[in-house]
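K.L.:
Provided herewith: entry-v7.txt, compact mmCIF, C-alpha atoms.
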# COMPACT_ATOMS: atom_id res chain seq x y z
CA MET A 1396 -14.62 32.88 11.81
CA ASN A 1397 -15.93 29.42 12.63
CA VAL A 1398 -14.70 26.36 10.80
CA ASP A 1399 -17.17 23.52 11.22
CA ILE A 1400 -15.59 20.13 10.58
CA HIS A 1401 -18.01 17.39 11.56
CA GLY A 1402 -18.72 13.73 11.02
CA THR A 1403 -21.89 12.49 9.41
CA PRO A 1404 -24.98 14.40 10.64
CA ILE A 1405 -27.56 12.49 12.68
CA TYR A 1406 -31.14 13.07 11.48
CA PHE A 1407 -32.98 11.35 14.33
CA VAL A 1408 -32.59 8.47 16.76
CA ILE A 1409 -34.89 5.43 16.80
CA ASP A 1410 -35.67 4.60 20.43
CA PHE A 1411 -34.81 0.90 20.31
CA LEU A 1412 -32.28 -0.81 22.61
CA ASP A 1413 -29.60 1.89 23.14
CA GLY A 1414 -31.07 4.02 20.36
CA ILE A 1415 -30.30 3.53 16.66
CA PRO A 1416 -29.13 6.80 15.07
CA ILE A 1417 -30.36 7.40 11.52
CA THR A 1418 -27.43 9.26 9.98
CA GLU A 1419 -26.87 10.89 6.62
CA THR A 1420 -24.46 8.03 5.84
CA LEU A 1421 -27.25 5.48 6.26
CA VAL A 1422 -29.72 7.42 4.11
CA VAL A 1423 -27.23 8.23 1.34
CA THR A 1424 -25.95 4.63 1.24
CA TRP A 1425 -29.49 3.29 0.81
CA VAL A 1426 -30.22 5.87 -1.90
CA ILE A 1427 -27.06 4.88 -3.77
CA MET A 1428 -27.87 1.18 -3.40
CA ALA A 1429 -31.38 1.75 -4.71
CA LEU A 1430 -30.05 3.78 -7.65
CA LEU A 1431 -27.44 1.13 -8.54
CA THR A 1432 -30.02 -1.65 -8.32
CA GLY A 1433 -32.48 0.36 -10.43
CA VAL A 1434 -29.87 1.13 -13.10
CA SER A 1435 -28.80 -2.53 -13.19
CA ILE A 1436 -32.38 -3.71 -13.65
CA TRP A 1437 -33.03 -1.04 -16.30
CA LEU A 1438 -29.84 -1.93 -18.21
CA THR A 1439 -30.54 -5.66 -18.30
CA ARG A 1440 -34.16 -5.52 -19.44
CA GLY A 1441 -35.04 -6.78 -22.92
CA LEU A 1442 -31.68 -8.36 -23.75
CA LYS A 1443 -31.33 -9.71 -27.31
CA VAL A 1444 -28.75 -11.80 -29.17
CA TRP A 1445 -28.94 -10.00 -32.52
CA ASN A 1446 -29.38 -6.34 -33.36
CA ILE A 1447 -28.66 -5.10 -29.83
CA SER A 1448 -29.61 -1.67 -28.53
CA LYS A 1449 -27.17 0.97 -27.25
CA LYS A 1450 -28.34 0.24 -23.71
CA GLN A 1451 -27.38 -3.40 -24.04
CA ALA A 1452 -24.01 -2.46 -25.54
CA VAL A 1453 -23.25 -0.35 -22.46
CA ALA A 1454 -24.32 -3.20 -20.15
CA GLU A 1455 -22.18 -5.71 -22.04
CA LYS A 1456 -19.19 -3.36 -21.91
CA ILE A 1457 -19.54 -3.00 -18.11
CA VAL A 1458 -19.86 -6.78 -17.62
CA LEU A 1459 -16.85 -7.46 -19.85
CA LEU A 1460 -14.75 -4.86 -17.99
CA ALA A 1461 -15.70 -6.38 -14.62
CA GLU A 1462 -14.98 -9.92 -15.84
CA ASN A 1463 -11.64 -8.90 -17.27
CA PHE A 1464 -10.71 -7.02 -14.07
CA VAL A 1465 -11.44 -9.97 -11.78
CA VAL A 1466 -10.25 -12.82 -14.01
CA SER A 1467 -6.92 -11.12 -14.82
CA ASN A 1468 -6.22 -10.65 -11.12
CA MET A 1469 -7.66 -13.80 -9.57
CA GLY A 1470 -7.66 -16.38 -12.36
CA GLU A 1471 -10.42 -18.41 -13.97
CA LYS A 1472 -11.45 -20.44 -10.92
CA PHE A 1473 -12.65 -17.35 -9.01
CA ARG A 1474 -15.32 -16.32 -11.52
CA ARG A 1475 -17.99 -16.43 -8.82
CA TYR A 1476 -16.40 -13.40 -7.12
CA ILE A 1477 -17.07 -11.14 -10.14
CA PRO A 1478 -20.46 -9.85 -8.82
CA PHE A 1479 -19.11 -9.29 -5.31
CA VAL A 1480 -16.04 -7.31 -6.38
CA THR A 1481 -18.04 -5.30 -8.93
CA ALA A 1482 -20.70 -4.48 -6.35
CA ILE A 1483 -18.13 -3.23 -3.83
CA PHE A 1484 -16.37 -1.23 -6.54
CA ALA A 1485 -19.57 0.45 -7.73
CA LEU A 1486 -20.82 1.17 -4.22
CA SER A 1487 -17.44 2.57 -3.17
CA VAL A 1488 -17.05 4.81 -6.23
CA PHE A 1489 -20.56 6.24 -6.04
CA SER A 1490 -20.41 6.67 -2.26
CA SER A 1491 -17.20 8.69 -2.55
CA LEU A 1492 -18.45 10.66 -5.56
CA SER A 1493 -21.64 11.60 -3.69
CA SER A 1494 -19.63 14.38 -2.01
CA LEU A 1495 -19.80 16.15 -5.40
CA VAL A 1496 -23.51 16.82 -4.93
CA GLY A 1497 -22.91 18.26 -1.47
CA VAL A 1498 -23.89 15.43 0.87
CA PHE A 1499 -21.49 13.92 3.39
CA PRO A 1500 -19.84 10.97 1.58
CA PRO A 1501 -20.80 7.64 3.23
CA THR A 1502 -17.21 6.43 2.79
CA GLY A 1503 -16.12 9.27 5.10
CA THR A 1504 -17.61 7.23 7.94
CA LEU A 1505 -15.43 4.40 9.25
CA SER A 1506 -18.41 2.08 9.82
CA THR A 1507 -19.10 1.81 6.08
CA GLU A 1508 -15.64 0.53 5.20
CA LEU A 1509 -15.42 -1.60 8.34
CA ALA A 1510 -18.62 -3.40 7.26
CA TRP A 1511 -17.14 -4.14 3.82
CA ALA A 1512 -13.85 -5.20 5.39
CA VAL A 1513 -15.65 -7.60 7.74
CA VAL A 1514 -17.34 -9.23 4.72
CA VAL A 1515 -13.95 -9.53 3.02
CA PHE A 1516 -12.44 -10.99 6.20
CA ILE A 1517 -15.19 -13.63 6.35
CA LEU A 1518 -14.56 -14.51 2.70
CA ILE A 1519 -10.80 -14.81 3.30
CA THR A 1520 -11.32 -17.07 6.32
CA TYR A 1521 -13.91 -19.14 4.42
CA THR A 1522 -11.52 -19.62 1.50
CA LYS A 1523 -8.68 -20.59 3.83
CA LEU A 1524 -10.86 -23.08 5.71
CA LYS A 1525 -12.12 -24.55 2.44
CA THR A 1526 -8.64 -24.97 0.96
CA ASN A 1527 -6.71 -26.23 3.98
CA GLY A 1528 -9.38 -27.59 6.30
CA LEU A 1529 -9.61 -26.61 9.96
CA GLY A 1530 -6.31 -28.31 10.90
CA GLY A 1531 -4.41 -26.66 8.09
CA TYR A 1532 -5.96 -23.27 8.90
CA LEU A 1533 -4.90 -23.48 12.57
CA LYS A 1534 -1.48 -24.81 11.56
CA GLY A 1535 -1.03 -21.79 9.29
CA PHE A 1536 -0.87 -19.56 12.38
CA CYS A 1537 2.26 -21.37 13.63
CA ASP A 1538 3.92 -20.75 10.31
CA PRO A 1539 7.69 -20.59 10.93
CA ILE A 1540 7.49 -21.66 14.60
CA PHE A 1541 4.63 -21.72 17.12
CA LEU A 1542 6.13 -18.69 18.93
CA MET A 1543 5.01 -16.51 16.03
CA ALA A 1544 1.34 -17.38 16.59
CA PRO A 1545 0.35 -14.09 18.34
CA PHE A 1546 1.86 -12.03 15.52
CA ASN A 1547 0.13 -14.15 12.90
CA VAL A 1548 -3.20 -13.66 14.66
CA LEU A 1549 -2.54 -9.90 14.81
CA GLY A 1550 -1.64 -9.88 11.12
CA GLU A 1551 -4.84 -11.73 10.30
CA VAL A 1552 -6.99 -9.29 12.28
CA PHE A 1553 -5.25 -6.18 10.97
CA THR A 1554 -5.76 -7.12 7.32
CA PRO A 1555 -9.40 -5.90 7.23
CA VAL A 1556 -8.70 -3.10 9.73
CA SER A 1557 -5.95 -1.61 7.58
CA MET A 1558 -8.08 -1.99 4.43
CA ALA A 1559 -10.92 -0.08 6.10
CA PHE A 1560 -8.64 2.59 7.59
CA ARG A 1561 -6.89 3.19 4.26
CA HIS A 1562 -10.14 3.88 2.42
CA PHE A 1563 -11.63 5.88 5.30
CA GLY A 1564 -8.46 7.94 5.83
CA ASN A 1565 -8.24 9.01 2.20
CA ILE A 1566 -11.87 10.11 1.90
CA ALA A 1567 -12.03 11.70 5.37
CA SER A 1568 -8.81 13.65 4.74
CA GLY A 1569 -10.41 14.92 1.54
CA VAL A 1570 -13.45 16.12 3.47
CA VAL A 1571 -11.34 17.82 6.16
CA ILE A 1572 -8.92 19.47 3.73
CA SER A 1573 -11.61 20.79 1.38
CA THR A 1574 -13.51 22.25 4.36
CA LEU A 1575 -10.31 23.95 5.56
CA VAL A 1576 -9.52 25.29 2.07
CA TYR A 1577 -13.03 26.77 1.68
CA ALA A 1578 -12.71 28.51 5.06
CA ALA A 1579 -9.17 29.73 4.36
CA LEU A 1580 -10.19 31.16 0.98
CA LEU A 1581 -13.05 32.99 2.68
CA VAL A 1582 -10.61 34.61 5.13
CA ALA A 1583 -8.16 35.40 2.32
CA ASN A 1584 -11.01 36.98 0.36
CA GLN A 1585 -11.93 39.24 3.27
CA ALA A 1586 -8.30 40.21 3.87
CA LEU A 1587 -7.63 40.88 0.18
CA PHE A 1588 -10.65 43.03 -0.64
CA GLY A 1589 -11.01 44.53 2.85
CA TRP A 1590 -8.13 46.88 1.98
CA LEU A 1591 -10.13 48.58 -0.73
CA PRO A 1592 -11.51 51.89 0.53
CA GLY A 1593 -15.15 52.67 1.22
CA ALA A 1594 -18.24 50.78 0.06
CA LEU A 1595 -16.33 49.00 -2.74
CA GLY A 1596 -14.18 47.10 -0.23
CA GLU A 1597 -17.17 46.20 1.93
CA VAL A 1598 -19.19 44.84 -0.98
CA LEU A 1599 -16.30 42.93 -2.56
CA SER A 1600 -15.15 41.37 0.72
CA ALA A 1601 -18.69 40.15 1.42
CA ILE A 1602 -18.77 38.20 -1.88
CA PRO A 1603 -16.56 35.04 -1.71
CA ILE A 1604 -14.87 35.64 -5.07
CA LEU A 1605 -11.87 33.40 -4.33
CA ASP A 1606 -14.17 30.50 -3.44
CA VAL A 1607 -15.21 30.31 -7.10
CA GLY A 1608 -13.08 27.93 -9.14
CA VAL A 1609 -10.11 27.40 -6.83
CA PRO A 1610 -11.67 24.57 -4.72
CA ALA A 1611 -12.59 22.78 -7.96
CA VAL A 1612 -8.91 21.95 -8.49
CA ILE A 1613 -8.75 20.35 -5.05
CA SER A 1614 -12.03 18.56 -5.69
CA LEU A 1615 -10.53 17.12 -8.87
CA TYR A 1616 -7.96 15.27 -6.77
CA PHE A 1617 -9.85 14.51 -3.58
CA ASP A 1618 -13.22 13.67 -5.11
CA TRP A 1619 -12.54 12.29 -8.58
CA PHE A 1620 -9.05 10.78 -8.40
CA SER A 1621 -9.28 9.60 -4.80
CA SER A 1622 -12.70 7.99 -5.26
CA PHE A 1623 -11.68 5.79 -8.18
CA MET A 1624 -8.24 5.15 -6.71
CA GLN A 1625 -9.51 3.94 -3.34
CA ALA A 1626 -12.27 1.80 -4.86
CA PHE A 1627 -9.69 0.23 -7.19
CA ILE A 1628 -7.25 -0.43 -4.34
CA PHE A 1629 -9.93 -1.86 -2.06
CA CYS A 1630 -11.04 -4.28 -4.79
CA MET A 1631 -7.45 -5.15 -5.75
CA LEU A 1632 -6.61 -5.98 -2.13
CA THR A 1633 -9.85 -7.98 -1.74
CA MET A 1634 -9.01 -10.04 -4.81
CA MET A 1635 -5.37 -10.52 -3.83
CA PHE A 1636 -6.17 -11.62 -0.27
CA ILE A 1637 -8.89 -14.04 -1.38
CA SER A 1638 -6.84 -15.58 -4.18
CA SER A 1639 -3.74 -15.89 -1.98
CA ALA A 1640 -5.90 -17.50 0.74
CA ALA A 1641 -6.64 -20.34 -1.71
CA GLU A 1642 -2.98 -21.35 -1.95
CA MET B 859 -6.14 24.96 34.06
CA GLY B 860 -6.74 21.22 33.79
CA SER B 861 -8.86 21.51 30.64
CA ALA B 862 -6.30 23.83 29.06
CA LEU B 863 -3.61 21.22 29.70
CA VAL B 864 -5.81 18.50 28.18
CA LEU B 865 -6.47 20.53 25.03
CA MET B 866 -2.79 21.44 24.74
CA GLY B 867 -1.77 17.79 25.07
CA CYS B 868 -4.29 16.71 22.44
CA ALA B 869 -3.15 19.39 20.00
CA ILE B 870 0.54 18.59 20.47
CA GLY B 871 -0.19 14.88 20.17
CA ALA B 872 -2.11 15.42 16.92
CA GLY B 873 0.80 17.42 15.53
CA LEU B 874 3.26 14.70 16.51
CA ALA B 875 1.02 11.98 15.04
CA LEU B 876 1.17 13.63 11.63
CA ILE B 877 4.97 13.25 11.57
CA ALA B 878 4.01 9.77 10.38
CA GLY B 879 3.42 11.37 6.99
CA ILE B 880 7.17 11.67 6.30
CA GLY B 881 7.84 7.95 5.92
CA PRO B 882 5.08 7.15 3.40
CA GLY B 883 6.07 10.26 1.43
CA ILE B 884 9.62 9.01 0.99
CA GLY B 885 8.47 5.45 0.35
CA GLU B 886 5.88 6.38 -2.26
CA GLY B 887 8.39 8.59 -4.07
CA TYR B 888 10.80 5.67 -4.15
CA ILE B 889 8.11 3.34 -5.55
CA ALA B 890 7.11 5.85 -8.23
CA GLY B 891 10.74 6.47 -9.20
CA LYS B 892 11.48 2.75 -9.52
CA THR B 893 8.33 2.29 -11.61
CA VAL B 894 9.46 5.05 -13.97
CA GLU B 895 12.81 3.25 -14.34
CA ALA B 896 11.05 -0.03 -15.03
CA ILE B 897 8.70 1.54 -17.60
CA ALA B 898 11.67 3.23 -19.29
CA ARG B 899 13.32 -0.18 -19.60
CA GLN B 900 10.20 -2.08 -20.72
CA PRO B 901 7.55 0.32 -22.05
CA GLU B 902 5.33 -2.59 -23.19
CA MET B 903 4.77 -3.60 -19.53
CA LYS B 904 3.32 -0.17 -18.66
CA GLY B 905 -0.19 -1.37 -17.80
CA SER B 906 0.68 -4.05 -15.28
CA LEU B 907 3.55 -1.99 -13.83
CA THR B 908 1.20 0.92 -13.18
CA SER B 909 -1.38 -1.20 -11.37
CA THR B 910 1.35 -2.88 -9.31
CA MET B 911 2.72 0.58 -8.46
CA LEU B 912 -0.71 1.79 -7.32
CA LEU B 913 -1.04 -1.25 -5.06
CA GLY B 914 2.44 -0.68 -3.63
CA VAL B 915 1.71 3.00 -3.06
CA ALA B 916 -1.51 2.07 -1.25
CA CYS B 917 0.33 -0.34 1.04
CA ALA B 918 3.12 2.16 1.74
CA GLU B 919 0.47 4.74 2.56
CA THR B 920 -1.02 2.68 5.40
CA THR B 921 1.24 3.96 8.18
CA GLY B 922 0.64 7.55 7.14
CA ILE B 923 -3.11 6.94 7.20
CA TYR B 924 -2.80 5.47 10.70
CA GLY B 925 -1.06 8.67 11.79
CA PHE B 926 -3.80 10.76 10.19
CA VAL B 927 -6.58 8.75 11.89
CA MET B 928 -4.78 9.16 15.24
CA GLY B 929 -4.58 12.90 14.58
CA LEU B 930 -8.32 13.04 13.78
CA LEU B 931 -9.12 11.09 16.96
CA LEU B 932 -6.90 13.36 19.08
CA VAL B 933 -8.47 16.54 17.70
CA PHE B 934 -12.15 15.52 17.53
CA VAL B 935 -12.69 12.64 19.97
CA ALA B 936 -10.04 12.67 22.69
CA PRO B 937 -10.72 16.19 24.13
CA GLY B 938 -14.36 15.26 24.76
CA ILE B 939 -13.43 12.04 26.56
CA PHE B 940 -10.65 13.54 28.67
CA LEU B 941 -12.57 16.70 29.56
CA GLY B 942 -15.45 14.48 30.64
CA MET B 943 -13.08 12.65 32.98
CA LEU B 944 -12.00 15.85 34.76
Represent the structure from my file as structure tokens, please.

P.N.:
Amino acid sequence: MNVDIHGTPIYFVIDFLDGIPITETLVVTWVIMALLTGVSIWLTRGLKVWNISKKQAVAEKIVLLAENFVVSNMGEKFRRYIPFVTAIFALSVFSSLSSLVGVFPPTGTLSTELAWAVVVFILITYTKLKTNGLGGYLKGFCDPIFLMAPFNVLGEVFTPVSMAFRHFGNIASGVVISTLVYAALLVANQALFGWLPGALGEVLSAIPILDVGVPAVISLYFDWFSSFMQAFIFCMLTMMFISSAAE
Amino acid sequence: MGSALVLMGCAIGAGLALIAGIGPGIGEGYIAGKTVEAIARQPEMKGSLTSTMLLGVACAETTGIYGFVMGLLLVFVAPGIFLGML
């Protein structure tokens, strides 16, 4: 009985510098980005003011939801972050949900979330610099007294790291646990039907009957709930950090 | 002998790292309980209370996730590195 828990599979390595591995994460992320871009372009073609089509109604509903989500959390003056937050939300949800079709979810790789978190970190620093100026930004590190500066720097650096780890940990734990449950149910199946005498036991224990249906319940939590939950939390934290940086 | 010790240490370390799950469990239960109290007192605030609760749960979860990532590293990454050193 071998349980194979692995990271994202590497398809091939481009021989450039130290070698650039082309992983399943990379391919699936690009496919999802292309699909999202395509759907966005398709939804926003032929917009009208009167007598709108069903397609345009869906597009308007999505835009209104996104606007409401960002404006209610960040306030009116951060309207320009609506596309950014919506893009991260959509990419995160569809990356996590891609495990439903059997590929390795791109969010189960730490690099994906770290890249998003680095973008968020740059935005936070940019907002802080813009609001307080360079002097005010540096002074913010010596907040109560200058002795606290190392801890403030650590806190600043660990903001994106903890955001990335939180998202990664939830999706990766889902991948690991569902793999373990599939394997355990296979063993349980063999043990349960192996007791039956003769050919009946052999045939029944070869068919993974327990693997039908039971993992779906786990998938409901780890794939559906976790995907939306983590995307929501990542976007909430992004918005909160950026809007609190402007104070 | 050496590699057996390395694997044993990694496995025990991974087990110990997952003790970190206790704290977030208690904390998240506390957050959820307090939110239920608050919703019982002011049912009209349910929407904003729920999203605040989810955010709080996510923050409380962080330490547990750190433990889990350490466990993953100890099981999947550390044995390779340490066995390579031997």

K.L.:
For chain A, report every residue with an atom at most 12 Å from chain B (counting only C-alpha atoms), formatted as a ChimeraX atom specification.

P.N.:
/A:1399-1402,1464,1467-1468,1503-1505,1553-1554,1556-1572,1621,1623-1635

K.L.:
Please indicate the distance in Å from CA of Asn1463 (chain A) to CA of Glu1551 (chain A), rounded to one decimal place.

P.N.:
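Distance between the two atoms: 28.5 Å.
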
K.L.:
Go through B:Ala890, B:Val933, B:Leu941, B:Ala898 one by one, measure the shortest atom-to-atom distance of each to Ala918 (chain B) using all atoms listed in the file, and give the residue with the smallest value.

P.N.:
B:Ala890

K.L.:
As an exercise, work out the distance from CA of Tyr1577 (chain A) to CA of Ser1614 (chain A) in Å and give it to one decimal place.

P.N.:
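Taking CA of Tyr1577 (chain A) as the start and CA of Ser1614 (chain A) as the end point, the length is 11.1 Å.
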
K.L.:
Point out the residue among B:Ile889, B:Ile880, B:Leu907, B:Cys868 with the least atom-to-atom distance to Ile939 (chain B), counting only C-alpha atoms.

P.N.:
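That would be B:Cys868, the residue with the smallest distance to Ile939 (chain B).
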
K.L.:
Determine the nearest neighbour of Leu1587 (chain A) from the options A:Thr1574, A:Ser1506, A:Lys1525, A:Leu1605, counting all atoms listed in the file.

P.N.:
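The answer is A:Leu1605, which sits nearest to Leu1587 (chain A).
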
K.L.:
Can you list, as a PyMOL selection string, every protein, DNA or RNA residue that comes within 9 Å of region 1403-1410 of chain A when you count all atoms listed in the file, leaving out same-chain residues fewer than 6 positions away?

P.N.:
chain A and resi 1416-1420+1499-1501+1503-1504

K.L.:
My structure is short of atoms at region 1582-1593 of chain A; please model all heavy atoms there, returning them as a CSV table (one decimal), in the coordinates of the input.

P.N.:
chain,number,residue,atom,x,y,z
A,1582,VAL,N,-11.4,33.7,4.4
A,1582,VAL,CA,-10.6,34.6,5.1
A,1582,VAL,C,-9.7,35.4,4.2
A,1582,VAL,O,-9.6,36.6,4.3
A,1582,VAL,CB,-9.8,33.9,6.2
A,1582,VAL,CG1,-8.9,34.8,6.9
A,1582,VAL,CG2,-10.7,33.2,7.2
A,1583,ALA,N,-9.1,34.7,3.3
A,1583,ALA,CA,-8.2,35.4,2.3
A,1583,ALA,C,-8.9,36.4,1.5
A,1583,ALA,O,-8.4,37.5,1.2
A,1583,ALA,CB,-7.5,34.4,1.4
A,1584,ASN,N,-10.2,36.1,1.1
A,1584,ASN,CA,-11.0,37.0,0.4
A,1584,ASN,C,-11.3,38.3,1.1
A,1584,ASN,O,-11.1,39.4,0.6
A,1584,ASN,CB,-12.3,36.3,0.0
A,1584,ASN,CG,-13.2,37.0,-0.9
A,1584,ASN,OD1,-12.8,37.2,-2.1
A,1584,ASN,ND2,-14.3,37.5,-0.5
A,1585,GLN,N,-11.6,38.1,2.4
A,1585,GLN,CA,-11.9,39.2,3.3
A,1585,GLN,C,-10.7,40.1,3.5
A,1585,GLN,O,-10.7,41.3,3.4
A,1585,GLN,CB,-12.5,38.8,4.6
A,1585,GLN,CG,-13.9,38.5,4.6
A,1585,GLN,CD,-14.4,37.7,5.8
A,1585,GLN,OE1,-13.6,37.5,6.7
A,1585,GLN,NE2,-15.7,37.4,5.9
A,1586,ALA,N,-9.5,39.5,3.6
A,1586,ALA,CA,-8.3,40.2,3.9
A,1586,ALA,C,-7.9,41.0,2.6
A,1586,ALA,O,-7.4,42.1,2.7
A,1586,ALA,CB,-7.2,39.2,4.3
A,1587,LEU,N,-8.1,40.3,1.4
A,1587,LEU,CA,-7.6,40.9,0.2
A,1587,LEU,C,-8.5,42.1,-0.2
A,1587,LEU,O,-7.9,43.2,-0.5
A,1587,LEU,CB,-7.7,39.8,-0.9
A,1587,LEU,CG,-6.9,40.0,-2.2
A,1587,LEU,CD1,-5.4,40.0,-1.8
A,1587,LEU,CD2,-7.2,38.9,-3.2
A,1588,PHE,N,-9.8,41.9,-0.2
A,1588,PHE,CA,-10.6,43.0,-0.6
A,1588,PHE,C,-11.0,44.0,0.5
A,1588,PHE,O,-11.6,45.0,0.2
A,1588,PHE,CB,-11.9,42.5,-1.3
A,1588,PHE,CG,-11.6,41.7,-2.6
A,1588,PHE,CD1,-11.7,40.3,-2.6
A,1588,PHE,CD2,-11.2,42.4,-3.7
A,1588,PHE,CE1,-11.4,39.6,-3.7
A,1588,PHE,CE2,-10.9,41.7,-4.9
A,1588,PHE,CZ,-11.0,40.3,-4.9
A,1589,GLY,N,-10.7,43.6,1.7
A,1589,GLY,CA,-11.0,44.5,2.8
A,1589,GLY,C,-10.2,45.8,2.8
A,1589,GLY,O,-10.5,46.8,3.4
A,1590,TRP,N,-9.0,45.7,2.1
A,1590,TRP,CA,-8.1,46.9,2.0
A,1590,TRP,C,-8.7,48.0,1.1
A,1590,TRP,O,-8.4,49.1,1.3
A,1590,TRP,CB,-6.8,46.5,1.4
A,1590,TRP,CG,-6.0,45.6,2.3
A,1590,TRP,CD1,-5.8,44.3,2.3
A,1590,TRP,CD2,-5.2,46.1,3.5
A,1590,TRP,NE1,-5.0,43.9,3.3
A,1590,TRP,CE2,-4.6,45.0,4.1
A,1590,TRP,CE3,-5.1,47.3,4.1
A,1590,TRP,CZ2,-3.9,45.0,5.2
A,1590,TRP,CZ3,-4.3,47.4,5.3
A,1590,TRP,CH2,-3.7,46.3,5.8
A,1591,LEU,N,-9.6,47.6,0.2
A,1591,LEU,CA,-10.1,48.6,-0.7
A,1591,LEU,C,-10.9,49.6,0.1
A,1591,LEU,O,-11.7,49.2,1.0
A,1591,LEU,CB,-11.0,47.9,-1.8
A,1591,LEU,CG,-10.3,47.0,-2.8
A,1591,LEU,CD1,-11.3,46.2,-3.6
A,1591,LEU,CD2,-9.3,47.8,-3.6
A,1592,PRO,N,-10.8,50.9,-0.3
A,1592,PRO,CA,-11.5,51.9,0.5
A,1592,PRO,C,-13.0,51.9,0.3
A,1592,PRO,O,-13.5,51.6,-0.8
A,1592,PRO,CB,-10.9,53.2,0.0
A,1592,PRO,CG,-10.4,52.9,-1.4
A,1592,PRO,CD,-10.1,51.4,-1.4
A,1593,GLY,N,-13.7,52.3,1.3
A,1593,GLY,CA,-15.2,52.7,1.2
A,1593,GLY,C,-16.1,51.5,1.0
A,1593,GLY,O,-15.8,50.3,1.3
